[in-house]
Amino acid sequence: MATSGSSGTSVAVLQWPTGVALQYPGSDAFKDATKRWSIYKAPTFSYSLSPIDEEQVAGIVKVAVANKISFLATSGRHGYGTSLGKLQNGLSIDLGNMKMLEIDTNAQTVTVGPGVKNGGLANHILEAGYQMPVGSCSQASVIGITLGGGIGLFQGLFGLMIDALLSIRLVTANGGVVEASVSKNPELFFGIRGAGANFGIITSATYKLSKAVNDGQVFTADIVYPENMRSDYFNVLKTYEDTMPAELAMNTTINWNVDSNQTQIIGTFVYSGSEAQAMQVLTPFFELNPPVIRKSVVPFSQVPDVILFGMIAAMSEPGNIHSIWTANVRRFAVDSFNSAFEKYDAFYKANPDGRMCAGVFETFSNQAVTISDQNTSYPWRDCKGNFMFQVAWPELGHQVEQPASDLARSLREEFAATSGYPDLSVYVSYAHGDEKLEQIYGDSLPRLIALKKQWDPKNIFRYNNGLPRELPPSSSD
């Protein structure tokens with residue numbers, strides 16, 4: 001266990017901020033501060049600190065940087081990109097105790113700390129009569145979701161989470177504190193909205209709120225389509241490529257049905273409106289006469305709890321293996337969908353221990369995304385689908401890892417080729433970690449690198465799909 005900085009000084013005797021105690025492996029406090037959703041190629045820590053306010057965060061950063069102690073600031077710890085695993089035996093700065101949440105009904109804004117999670121935010125703002133773009137996992141940090149852009153089920157109505165973001169407070173690489181908005185440090189604010197993990201630790205964020213649509217009541221449906229319906233399902237999905245209403249979000253999951261011992265599709269539909277309106281919009285999917293249908297109308301804050309037959313909560317439990325490969329698409333390629341089904345089906349039958357793997361195809365309306373403020377570093381506003389090839393296995397080192405990874409990599413290549421983009425493009429928060437910088441940051445890359453050089457010249461914040469400090473001749477070389 002590493003217990004000293006580069007000078008050999010014991011970490012235990014360093015002058016950390018008053019009231020913040022070092023936690024070490026073996027203690028319950030350390031476990032709570034460092035447990036992660038995915039343990040695959042994850043960062044490891046020799047000690048952790050859990051600040052309660054911005055001043056303590058700034059003090060921790062000053063001490064760590066002065067003593068050349070590598071660290072990672074986390075809250076929900078749902079990030080899974082393999083670049084995070086480059087930090088080994090470091091310091092965990094656990095932001096989970098910073099749970100400030102303030103709604104200003106006059107200004108129609110909400111301000112949150114990094115310890116506020118997606119589910120808690122949604123409940124509070126809906127109680128006040130509002131909505132805003134939020135992520136799909138209740139246990140992920142609101143600010144953490146925002147850092148890469150913040151795609152989600154309600155983006156067709158409200159845009160991305162970065163489109164609702166009004167301002168942030170940030171602890172910088174030298175332990176200073178700055179504000180960023182369209183009027184204060186606007187260039188930094190540009191970088192935060194799409195590449196935010198690269199410039200510091202956000203200690204608070206303020207978002208604009210929107211009046212709740214349909215009083216915040218949302219129609220949801222999960223529909224099972226067995227193997228013999230897959231081509232018909234994908235053909236119907238294709239017809240929505242250019243016609244998705246702002247109120248609609250859809251998710252397609254290819255997975256293994258343990259009861260029927262077959263590969264299946266689960267179509268998940270979320271519509272911000274009445275059931276009658278939703279049924280009219282979704283008629284082609286119901287006319288396929290699928291054997292299993294679950295329908296409900298629930299408050300917007302409860303959507304993650306009911307969709308996918310309520311499985312999201314179980315899938316959000318920490319401590320399991322998740323390796324995810326992804327591709328953005330501008331078009332829905334039916335041949336690629338059918339190929340993915342066939343490949344998953346063959347994989348499941350050959351690898352029973354890999355039957356927790358799944359293909360997850362998010363197709364959310366992007367109407368508000370394409371018309372929102374364009375001066376953000378998020379580069380994929382014309383994206384119509386974020387496709388994830390999620391693979392998992394029972395334990396680290398299991399023999400299924402190689403064939404599962406080969407499957408996911410091949411599907412990423414196939415969908416990239418039919419995506420409508422000239423190259424692979426990847427949402428930064430979904431990045432596996434082996435992509436080229438241009439494939440993650442797009443045309444924003446040169447501007448982001450200039451910001452990195454300005455705000456983090458020593459590359460302190462380098463573990464979450466980190467930007468370099470100099471523009472390489474070509475990261476494609």
# chains A, B, ... in the order shown; residues from 1 in each chain; ligands from 1
>>> residues_around(residues="Val182 in chain A", least_positions_apart="2", cutoff="12 Å", atoms="only C-alpha atoms", output="MDAnalysis selection string")
chainID A and resid 163 165:168 179:180 184:193 373 375:376
>>> write_last_selection(atoms="C-alpha atoms", output="PDB file, in the first residue's frame")
ATOM      1  CA  ASP A 163     -27.859  22.663 -22.174  1.00  0.00           C
ATOM      2  CA  LEU A 165     -26.337  23.960 -17.048  1.00  0.00           C
ATOM      3  CA  LEU A 166     -26.051  27.652 -16.163  1.00  0.00           C
ATOM      4  CA  SER A 167     -22.897  27.844 -14.057  1.00  0.00           C
ATOM      5  CA  ILE A 168     -20.403  25.827 -12.024  1.00  0.00           C
ATOM      6  CA  GLU A 179     -16.715  30.136 -11.371  1.00  0.00           C
ATOM      7  CA  ALA A 180     -17.619  29.445 -14.979  1.00  0.00           C
ATOM      8  CA  LYS A 184     -17.521  34.214 -16.306  1.00  0.00           C
ATOM      9  CA  ASN A 185     -14.651  32.235 -17.793  1.00  0.00           C
ATOM     10  CA  PRO A 186     -16.811  31.444 -20.844  1.00  0.00           C
ATOM     11  CA  GLU A 187     -14.082  29.487 -22.629  1.00  0.00           C
ATOM     12  CA  LEU A 188     -13.663  27.221 -19.615  1.00  0.00           C
ATOM     13  CA  PHE A 189     -17.444  26.835 -19.525  1.00  0.00           C
ATOM     14  CA  PHE A 190     -17.280  25.701 -23.150  1.00  0.00           C
ATOM     15  CA  GLY A 191     -14.823  22.964 -22.158  1.00  0.00           C
ATOM     16  CA  ILE A 192     -16.735  21.904 -19.063  1.00  0.00           C
ATOM     17  CA  ARG A 193     -19.809  21.215 -21.202  1.00  0.00           C
ATOM     18  CA  ASP A 373     -26.823  26.281 -27.688  1.00  0.00           C
ATOM     19  CA  ASN A 375     -21.146  26.715 -28.038  1.00  0.00           C
ATOM     20  CA  THR A 376     -20.343  23.607 -26.033  1.00  0.00           C
TER      21      THR A 376
END
>>> select_by_dssp(residues="range 264-390 of chain A", states="strand (DSSP E or B)", output="number ranges by chain")
A: 264-271, 292-299, 320, 323-329, 358-364, 385-390
>>> write_last_selection(atoms="N, CA and C atoms", output="mmCIF file, in the first residue's frame")
data_model
loop_
_atom_site.group_PDB
_atom_site.id
_atom_site.type_symbol
_atom_site.label_atom_id
_atom_site.label_comp_id
_atom_site.auth_asym_id
_atom_site.auth_seq_id
_atom_site.Cartn_x
_atom_site.Cartn_y
_atom_site.Cartn_z
ATOM 1 N N GLN A 264 -33.548 -12.702 -26.975
ATOM 2 C CA GLN A 264 -34.758 -11.912 -27.178
ATOM 3 C C GLN A 264 -34.417 -10.429 -27.341
ATOM 4 N N ILE A 265 -35.422 -9.669 -27.704
ATOM 5 C CA ILE A 265 -35.342 -8.212 -27.720
ATOM 6 C C ILE A 265 -36.326 -7.677 -26.691
ATOM 7 N N ILE A 266 -35.880 -6.709 -25.906
ATOM 8 C CA ILE A 266 -36.792 -5.932 -25.068
ATOM 9 C C ILE A 266 -36.830 -4.517 -25.632
ATOM 10 N N GLY A 267 -37.997 -4.110 -26.090
ATOM 11 C CA GLY A 267 -38.190 -2.738 -26.517
ATOM 12 C C GLY A 267 -38.729 -1.930 -25.353
ATOM 13 N N THR A 268 -38.035 -0.857 -24.992
ATOM 14 C CA THR A 268 -38.459 0.001 -23.884
ATOM 15 C C THR A 268 -38.846 1.361 -24.449
ATOM 16 N N PHE A 269 -40.023 1.841 -24.073
ATOM 17 C CA PHE A 269 -40.570 3.068 -24.647
ATOM 18 C C PHE A 269 -40.966 4.021 -23.525
ATOM 19 N N VAL A 270 -40.528 5.279 -23.653
ATOM 20 C CA VAL A 270 -40.820 6.310 -22.664
ATOM 21 C C VAL A 270 -41.409 7.504 -23.402
ATOM 22 N N TYR A 271 -42.638 7.882 -23.029
ATOM 23 C CA TYR A 271 -43.325 8.960 -23.744
ATOM 24 C C TYR A 271 -43.878 9.959 -22.736
ATOM 25 N N VAL A 292 -45.344 -10.386 -24.719
ATOM 26 C CA VAL A 292 -45.230 -9.823 -23.367
ATOM 27 C C VAL A 292 -45.214 -8.304 -23.456
ATOM 28 N N ILE A 293 -46.141 -7.673 -22.729
ATOM 29 C CA ILE A 293 -46.226 -6.215 -22.711
ATOM 30 C C ILE A 293 -46.439 -5.758 -21.266
ATOM 31 N N ARG A 294 -45.607 -4.822 -20.805
ATOM 32 C CA ARG A 294 -45.814 -4.162 -19.517
ATOM 33 C C ARG A 294 -46.001 -2.683 -19.768
ATOM 34 N N LYS A 295 -47.107 -2.099 -19.296
ATOM 35 C CA LYS A 295 -47.392 -0.683 -19.497
ATOM 36 C C LYS A 295 -47.661 -0.013 -18.158
ATOM 37 N N SER A 296 -47.328 1.276 -18.087
ATOM 38 C CA SER A 296 -47.632 2.037 -16.881
ATOM 39 C C SER A 296 -47.543 3.520 -17.183
ATOM 40 N N VAL A 297 -48.174 4.326 -16.339
ATOM 41 C CA VAL A 297 -48.001 5.774 -16.339
ATOM 42 C C VAL A 297 -47.491 6.147 -14.954
ATOM 43 N N VAL A 298 -46.314 6.751 -14.909
ATOM 44 C CA VAL A 298 -45.659 7.035 -13.632
ATOM 45 C C VAL A 298 -45.097 8.453 -13.649
ATOM 46 N N PRO A 299 -44.799 9.020 -12.474
ATOM 47 C CA PRO A 299 -44.110 10.306 -12.441
ATOM 48 C C PRO A 299 -42.734 10.210 -13.094
ATOM 49 N N ASN A 320 -19.561 -5.347 -9.653
ATOM 50 C CA ASN A 320 -19.567 -6.344 -10.713
ATOM 51 C C ASN A 320 -18.660 -5.920 -11.872
ATOM 52 N N SER A 323 -17.733 -4.239 -18.960
ATOM 53 C CA SER A 323 -16.838 -3.752 -20.006
ATOM 54 C C SER A 323 -17.711 -3.364 -21.185
ATOM 55 N N ILE A 324 -17.620 -2.111 -21.608
ATOM 56 C CA ILE A 324 -18.594 -1.578 -22.561
ATOM 57 C C ILE A 324 -17.883 -0.930 -23.740
ATOM 58 N N TRP A 325 -18.333 -1.260 -24.918
ATOM 59 C CA TRP A 325 -17.812 -0.714 -26.170
ATOM 60 C C TRP A 325 -18.990 -0.027 -26.868
ATOM 61 N N THR A 326 -18.764 1.128 -27.467
ATOM 62 C CA THR A 326 -19.891 1.904 -27.950
ATOM 63 C C THR A 326 -19.633 2.551 -29.305
ATOM 64 N N ALA A 327 -20.737 2.958 -29.934
ATOM 65 C CA ALA A 327 -20.663 3.726 -31.181
ATOM 66 C C ALA A 327 -21.891 4.618 -31.275
ATOM 67 N N ASN A 328 -21.681 5.858 -31.691
ATOM 68 C CA ASN A 328 -22.788 6.751 -32.018
ATOM 69 C C ASN A 328 -23.236 6.492 -33.458
ATOM 70 N N VAL A 329 -24.514 6.726 -33.738
ATOM 71 C CA VAL A 329 -24.993 6.552 -35.112
ATOM 72 C C VAL A 329 -25.892 7.717 -35.513
ATOM 73 N N ALA A 358 -25.130 -7.948 -22.975
ATOM 74 C CA ALA A 358 -26.307 -7.412 -23.654
ATOM 75 C C ALA A 358 -25.904 -6.344 -24.659
ATOM 76 N N GLY A 359 -26.712 -6.210 -25.677
ATOM 77 C CA GLY A 359 -26.607 -5.072 -26.582
ATOM 78 C C GLY A 359 -27.663 -4.048 -26.198
ATOM 79 N N VAL A 360 -27.255 -2.823 -25.963
ATOM 80 C CA VAL A 360 -28.173 -1.769 -25.511
ATOM 81 C C VAL A 360 -28.123 -0.634 -26.529
ATOM 82 N N PHE A 361 -29.244 -0.398 -27.203
ATOM 83 C CA PHE A 361 -29.297 0.573 -28.302
ATOM 84 C C PHE A 361 -30.223 1.728 -27.897
ATOM 85 N N GLU A 362 -29.648 2.812 -27.441
ATOM 86 C CA GLU A 362 -30.420 3.982 -27.017
ATOM 87 C C GLU A 362 -30.766 4.834 -28.241
ATOM 88 N N THR A 363 -32.031 5.045 -28.466
ATOM 89 C CA THR A 363 -32.487 5.895 -29.568
ATOM 90 C C THR A 363 -33.435 6.935 -28.981
ATOM 91 N N PHE A 364 -32.866 8.020 -28.490
ATOM 92 C CA PHE A 364 -33.642 9.075 -27.860
ATOM 93 C C PHE A 364 -33.853 10.212 -28.858
ATOM 94 N N GLY A 385 -28.470 7.845 -32.136
ATOM 95 C CA GLY A 385 -28.427 6.641 -31.326
ATOM 96 C C GLY A 385 -27.078 6.488 -30.665
ATOM 97 N N ASN A 386 -27.103 6.095 -29.401
ATOM 98 C CA ASN A 386 -25.886 5.756 -28.662
ATOM 99 C C ASN A 386 -25.964 4.266 -28.376
ATOM 100 N N PHE A 387 -25.140 3.487 -29.081
ATOM 101 C CA PHE A 387 -25.246 2.039 -29.040
ATOM 102 C C PHE A 387 -24.121 1.457 -28.183
ATOM 103 N N MET A 388 -24.504 0.621 -27.230
ATOM 104 C CA MET A 388 -23.547 0.049 -26.281
ATOM 105 C C MET A 388 -23.551 -1.475 -26.368
ATOM 106 N N PHE A 389 -22.369 -2.019 -26.445
ATOM 107 C CA PHE A 389 -22.197 -3.469 -26.477
ATOM 108 C C PHE A 389 -21.580 -3.850 -25.138
ATOM 109 N N GLN A 390 -22.462 -4.239 -24.223
ATOM 110 C CA GLN A 390 -22.082 -4.451 -22.834
ATOM 111 C C GLN A 390 -21.748 -5.920 -22.615
#
>>> closest_residue(among="A:Phe341, A:Tyr441, A:Phe285, A:Tyr430", to="His78 in chain A", atoms="only C-alpha atoms")
A:Tyr430
>>> closest_residue(among="A:Thr74, A:Ser210, A:Ser231, A:Gln15", to="Ile145 in chain A", atoms="only C-alpha atoms")
A:Thr74
>>> select_by_dssp(residues="range 109-246 of chain A", states="alpha helix (DSSP H)", output="PyMOL selection string")
chain A and resi 118-127+142-147+155-158+161-164+186-195+230-238
>>> atom_distance(atom1="CA of Thr146 in chain A", atom2="CA of Val134 in chain A")
8.6 Å
>>> decode(residues="range 425-467 of chain A", atoms="N, CA and C atoms", output="PDB file, in the first residue's frame")
ATOM      1  N   SER A 425     -17.467   7.328 -33.804  1.00  0.00           N
ATOM      2  CA  SER A 425     -17.657   8.441 -32.878  1.00  0.00           C
ATOM      3  C   SER A 425     -18.275   7.894 -31.602  1.00  0.00           C
ATOM      4  N   VAL A 426     -17.831   8.440 -30.459  1.00  0.00           N
ATOM      5  CA  VAL A 426     -18.180   7.858 -29.164  1.00  0.00           C
ATOM      6  C   VAL A 426     -18.509   8.971 -28.171  1.00  0.00           C
ATOM      7  N   TYR A 427     -19.609   8.827 -27.482  1.00  0.00           N
ATOM      8  CA  TYR A 427     -19.955   9.704 -26.371  1.00  0.00           C
ATOM      9  C   TYR A 427     -18.937   9.495 -25.259  1.00  0.00           C
ATOM     10  N   VAL A 428     -18.306  10.576 -24.791  1.00  0.00           N
ATOM     11  CA  VAL A 428     -17.172  10.447 -23.882  1.00  0.00           C
ATOM     12  C   VAL A 428     -17.516   9.652 -22.630  1.00  0.00           C
ATOM     13  N   SER A 429     -18.722   9.811 -22.096  1.00  0.00           N
ATOM     14  CA  SER A 429     -19.087   9.088 -20.882  1.00  0.00           C
ATOM     15  C   SER A 429     -19.302   7.600 -21.124  1.00  0.00           C
ATOM     16  N   TYR A 430     -19.429   7.204 -22.391  1.00  0.00           N
ATOM     17  CA  TYR A 430     -19.571   5.789 -22.739  1.00  0.00           C
ATOM     18  C   TYR A 430     -18.282   5.203 -23.332  1.00  0.00           C
ATOM     19  N   ALA A 431     -17.231   5.985 -23.418  1.00  0.00           N
ATOM     20  CA  ALA A 431     -16.013   5.531 -24.094  1.00  0.00           C
ATOM     21  C   ALA A 431     -15.391   4.336 -23.378  1.00  0.00           C
ATOM     22  N   HIS A 432     -14.907   3.393 -24.162  1.00  0.00           N
ATOM     23  CA  HIS A 432     -14.230   2.229 -23.590  1.00  0.00           C
ATOM     24  C   HIS A 432     -12.863   2.610 -23.051  1.00  0.00           C
ATOM     25  N   GLY A 433     -12.159   3.459 -23.782  1.00  0.00           N
ATOM     26  CA  GLY A 433     -10.840   3.900 -23.333  1.00  0.00           C
ATOM     27  C   GLY A 433      -9.742   3.667 -24.338  1.00  0.00           C
ATOM     28  N   ASP A 434     -10.048   2.974 -25.447  1.00  0.00           N
ATOM     29  CA  ASP A 434      -9.035   2.697 -26.463  1.00  0.00           C
ATOM     30  C   ASP A 434      -9.247   3.534 -27.726  1.00  0.00           C
ATOM     31  N   GLU A 435     -10.212   4.446 -27.695  1.00  0.00           N
ATOM     32  CA  GLU A 435     -10.536   5.225 -28.895  1.00  0.00           C
ATOM     33  C   GLU A 435      -9.502   6.330 -29.141  1.00  0.00           C
ATOM     34  N   LYS A 436      -9.444   6.805 -30.381  1.00  0.00           N
ATOM     35  CA  LYS A 436      -8.637   7.977 -30.703  1.00  0.00           C
ATOM     36  C   LYS A 436      -9.300   9.208 -30.102  1.00  0.00           C
ATOM     37  N   LEU A 437      -8.512  10.228 -29.822  1.00  0.00           N
ATOM     38  CA  LEU A 437      -9.056  11.442 -29.223  1.00  0.00           C
ATOM     39  C   LEU A 437     -10.122  12.079 -30.100  1.00  0.00           C
ATOM     40  N   GLU A 438      -9.910  12.085 -31.424  1.00  0.00           N
ATOM     41  CA  GLU A 438     -10.892  12.679 -32.327  1.00  0.00           C
ATOM     42  C   GLU A 438     -12.207  11.922 -32.301  1.00  0.00           C
ATOM     43  N   GLN A 439     -12.164  10.634 -32.028  1.00  0.00           N
ATOM     44  CA  GLN A 439     -13.377   9.833 -31.998  1.00  0.00           C
ATOM     45  C   GLN A 439     -14.224  10.129 -30.767  1.00  0.00           C
ATOM     46  N   ILE A 440     -13.606  10.713 -29.756  1.00  0.00           N
ATOM     47  CA  ILE A 440     -14.311  11.082 -28.533  1.00  0.00           C
ATOM     48  C   ILE A 440     -14.700  12.560 -28.548  1.00  0.00           C
ATOM     49  N   TYR A 441     -13.729  13.419 -28.883  1.00  0.00           N
ATOM     50  CA  TYR A 441     -13.933  14.860 -28.735  1.00  0.00           C
ATOM     51  C   TYR A 441     -14.218  15.580 -30.048  1.00  0.00           C
ATOM     52  N   GLY A 442     -14.132  14.890 -31.161  1.00  0.00           N
ATOM     53  CA  GLY A 442     -14.502  15.464 -32.442  1.00  0.00           C
ATOM     54  C   GLY A 442     -13.765  16.739 -32.784  1.00  0.00           C
ATOM     55  N   ASP A 443     -14.460  17.667 -33.428  1.00  0.00           N
ATOM     56  CA  ASP A 443     -13.844  18.913 -33.871  1.00  0.00           C
ATOM     57  C   ASP A 443     -13.499  19.846 -32.717  1.00  0.00           C
ATOM     58  N   SER A 444     -13.966  19.548 -31.519  1.00  0.00           N
ATOM     59  CA  SER A 444     -13.641  20.375 -30.349  1.00  0.00           C
ATOM     60  C   SER A 444     -12.226  20.145 -29.838  1.00  0.00           C
ATOM     61  N   LEU A 445     -11.548  19.114 -30.345  1.00  0.00           N
ATOM     62  CA  LEU A 445     -10.274  18.698 -29.762  1.00  0.00           C
ATOM     63  C   LEU A 445      -9.226  19.811 -29.689  1.00  0.00           C
ATOM     64  N   PRO A 446      -8.915  20.555 -30.756  1.00  0.00           N
ATOM     65  CA  PRO A 446      -7.879  21.590 -30.639  1.00  0.00           C
ATOM     66  C   PRO A 446      -8.203  22.643 -29.577  1.00  0.00           C
ATOM     67  N   ARG A 447      -9.432  23.062 -29.525  1.00  0.00           N
ATOM     68  CA  ARG A 447      -9.842  24.062 -28.541  1.00  0.00           C
ATOM     69  C   ARG A 447      -9.756  23.513 -27.121  1.00  0.00           C
ATOM     70  N   LEU A 448     -10.096  22.255 -26.952  1.00  0.00           N
ATOM     71  CA  LEU A 448     -10.019  21.628 -25.638  1.00  0.00           C
ATOM     72  C   LEU A 448      -8.577  21.476 -25.169  1.00  0.00           C
ATOM     73  N   ILE A 449      -7.689  21.139 -26.084  1.00  0.00           N
ATOM     74  CA  ILE A 449      -6.282  20.986 -25.711  1.00  0.00           C
ATOM     75  C   ILE A 449      -5.694  22.327 -25.279  1.00  0.00           C
ATOM     76  N   ALA A 450      -6.088  23.398 -25.940  1.00  0.00           N
ATOM     77  CA  ALA A 450      -5.628  24.729 -25.511  1.00  0.00           C
ATOM     78  C   ALA A 450      -6.127  25.047 -24.107  1.00  0.00           C
ATOM     79  N   LEU A 451      -7.359  24.655 -23.798  1.00  0.00           N
ATOM     80  CA  LEU A 451      -7.889  24.859 -22.456  1.00  0.00           C
ATOM     81  C   LEU A 451      -7.160  24.004 -21.429  1.00  0.00           C
ATOM     82  N   LYS A 452      -6.840  22.786 -21.809  1.00  0.00           N
ATOM     83  CA  LYS A 452      -6.105  21.897 -20.906  1.00  0.00           C
ATOM     84  C   LYS A 452      -4.758  22.508 -20.547  1.00  0.00           C
ATOM     85  N   LYS A 453      -4.080  23.034 -21.517  1.00  0.00           N
ATOM     86  CA  LYS A 453      -2.771  23.644 -21.280  1.00  0.00           C
ATOM     87  C   LYS A 453      -2.895  24.837 -20.349  1.00  0.00           C
ATOM     88  N   GLN A 454      -3.992  25.570 -20.468  1.00  0.00           N
ATOM     89  CA  GLN A 454      -4.191  26.752 -19.634  1.00  0.00           C
ATOM     90  C   GLN A 454      -4.591  26.393 -18.205  1.00  0.00           C
ATOM     91  N   TRP A 455      -5.532  25.484 -18.045  1.00  0.00           N
ATOM     92  CA  TRP A 455      -6.125  25.241 -16.742  1.00  0.00           C
ATOM     93  C   TRP A 455      -5.508  24.061 -15.990  1.00  0.00           C
ATOM     94  N   ASP A 456      -4.862  23.157 -16.683  1.00  0.00           N
ATOM     95  CA  ASP A 456      -4.247  22.004 -16.016  1.00  0.00           C
ATOM     96  C   ASP A 456      -2.898  21.686 -16.648  1.00  0.00           C
ATOM     97  N   PRO A 457      -1.947  22.626 -16.572  1.00  0.00           N
ATOM     98  CA  PRO A 457      -0.665  22.442 -17.274  1.00  0.00           C
ATOM     99  C   PRO A 457       0.158  21.268 -16.767  1.00  0.00           C
ATOM    100  N   LYS A 458      -0.068  20.834 -15.529  1.00  0.00           N
ATOM    101  CA  LYS A 458       0.675  19.693 -14.989  1.00  0.00           C
ATOM    102  C   LYS A 458      -0.076  18.377 -15.160  1.00  0.00           C
ATOM    103  N   ASN A 459      -1.203  18.429 -15.836  1.00  0.00           N
ATOM    104  CA  ASN A 459      -1.977  17.228 -16.155  1.00  0.00           C
ATOM    105  C   ASN A 459      -2.398  16.466 -14.896  1.00  0.00           C
ATOM    106  N   ILE A 460      -2.924  17.193 -13.939  1.00  0.00           N
ATOM    107  CA  ILE A 460      -3.387  16.588 -12.694  1.00  0.00           C
ATOM    108  C   ILE A 460      -4.645  15.751 -12.938  1.00  0.00           C
ATOM    109  N   PHE A 461      -5.553  16.276 -13.754  1.00  0.00           N
ATOM    110  CA  PHE A 461      -6.833  15.610 -14.017  1.00  0.00           C
ATOM    111  C   PHE A 461      -6.727  14.851 -15.341  1.00  0.00           C
ATOM    112  N   ARG A 462      -6.131  13.684 -15.293  1.00  0.00           N
ATOM    113  CA  ARG A 462      -5.750  12.979 -16.523  1.00  0.00           C
ATOM    114  C   ARG A 462      -6.344  11.585 -16.678  1.00  0.00           C
ATOM    115  N   TYR A 463      -7.185  11.149 -15.751  1.00  0.00           N
ATOM    116  CA  TYR A 463      -7.563   9.742 -15.760  1.00  0.00           C
ATOM    117  C   TYR A 463      -8.880   9.444 -16.463  1.00  0.00           C
ATOM    118  N   ASN A 464      -9.738  10.428 -16.626  1.00  0.00           N
ATOM    119  CA  ASN A 464     -11.048  10.178 -17.231  1.00  0.00           C
ATOM    120  C   ASN A 464     -11.027  10.612 -18.689  1.00  0.00           C
ATOM    121  N   ASN A 465     -10.560   9.707 -19.567  1.00  0.00           N
ATOM    122  CA  ASN A 465     -10.417  10.025 -20.996  1.00  0.00           C
ATOM    123  C   ASN A 465      -9.677  11.350 -21.161  1.00  0.00           C
ATOM    124  N   GLY A 466      -8.509  11.400 -20.527  1.00  0.00           N
ATOM    125  CA  GLY A 466      -7.766  12.639 -20.393  1.00  0.00           C
ATOM    126  C   GLY A 466      -7.299  13.245 -21.703  1.00  0.00           C
ATOM    127  N   LEU A 467      -7.340  14.572 -21.739  1.00  0.00           N
ATOM    128  CA  LEU A 467      -6.810  15.333 -22.864  1.00  0.00           C
ATOM    129  C   LEU A 467      -5.314  15.538 -22.692  1.00  0.00           C
TER     130      LEU A 467
END
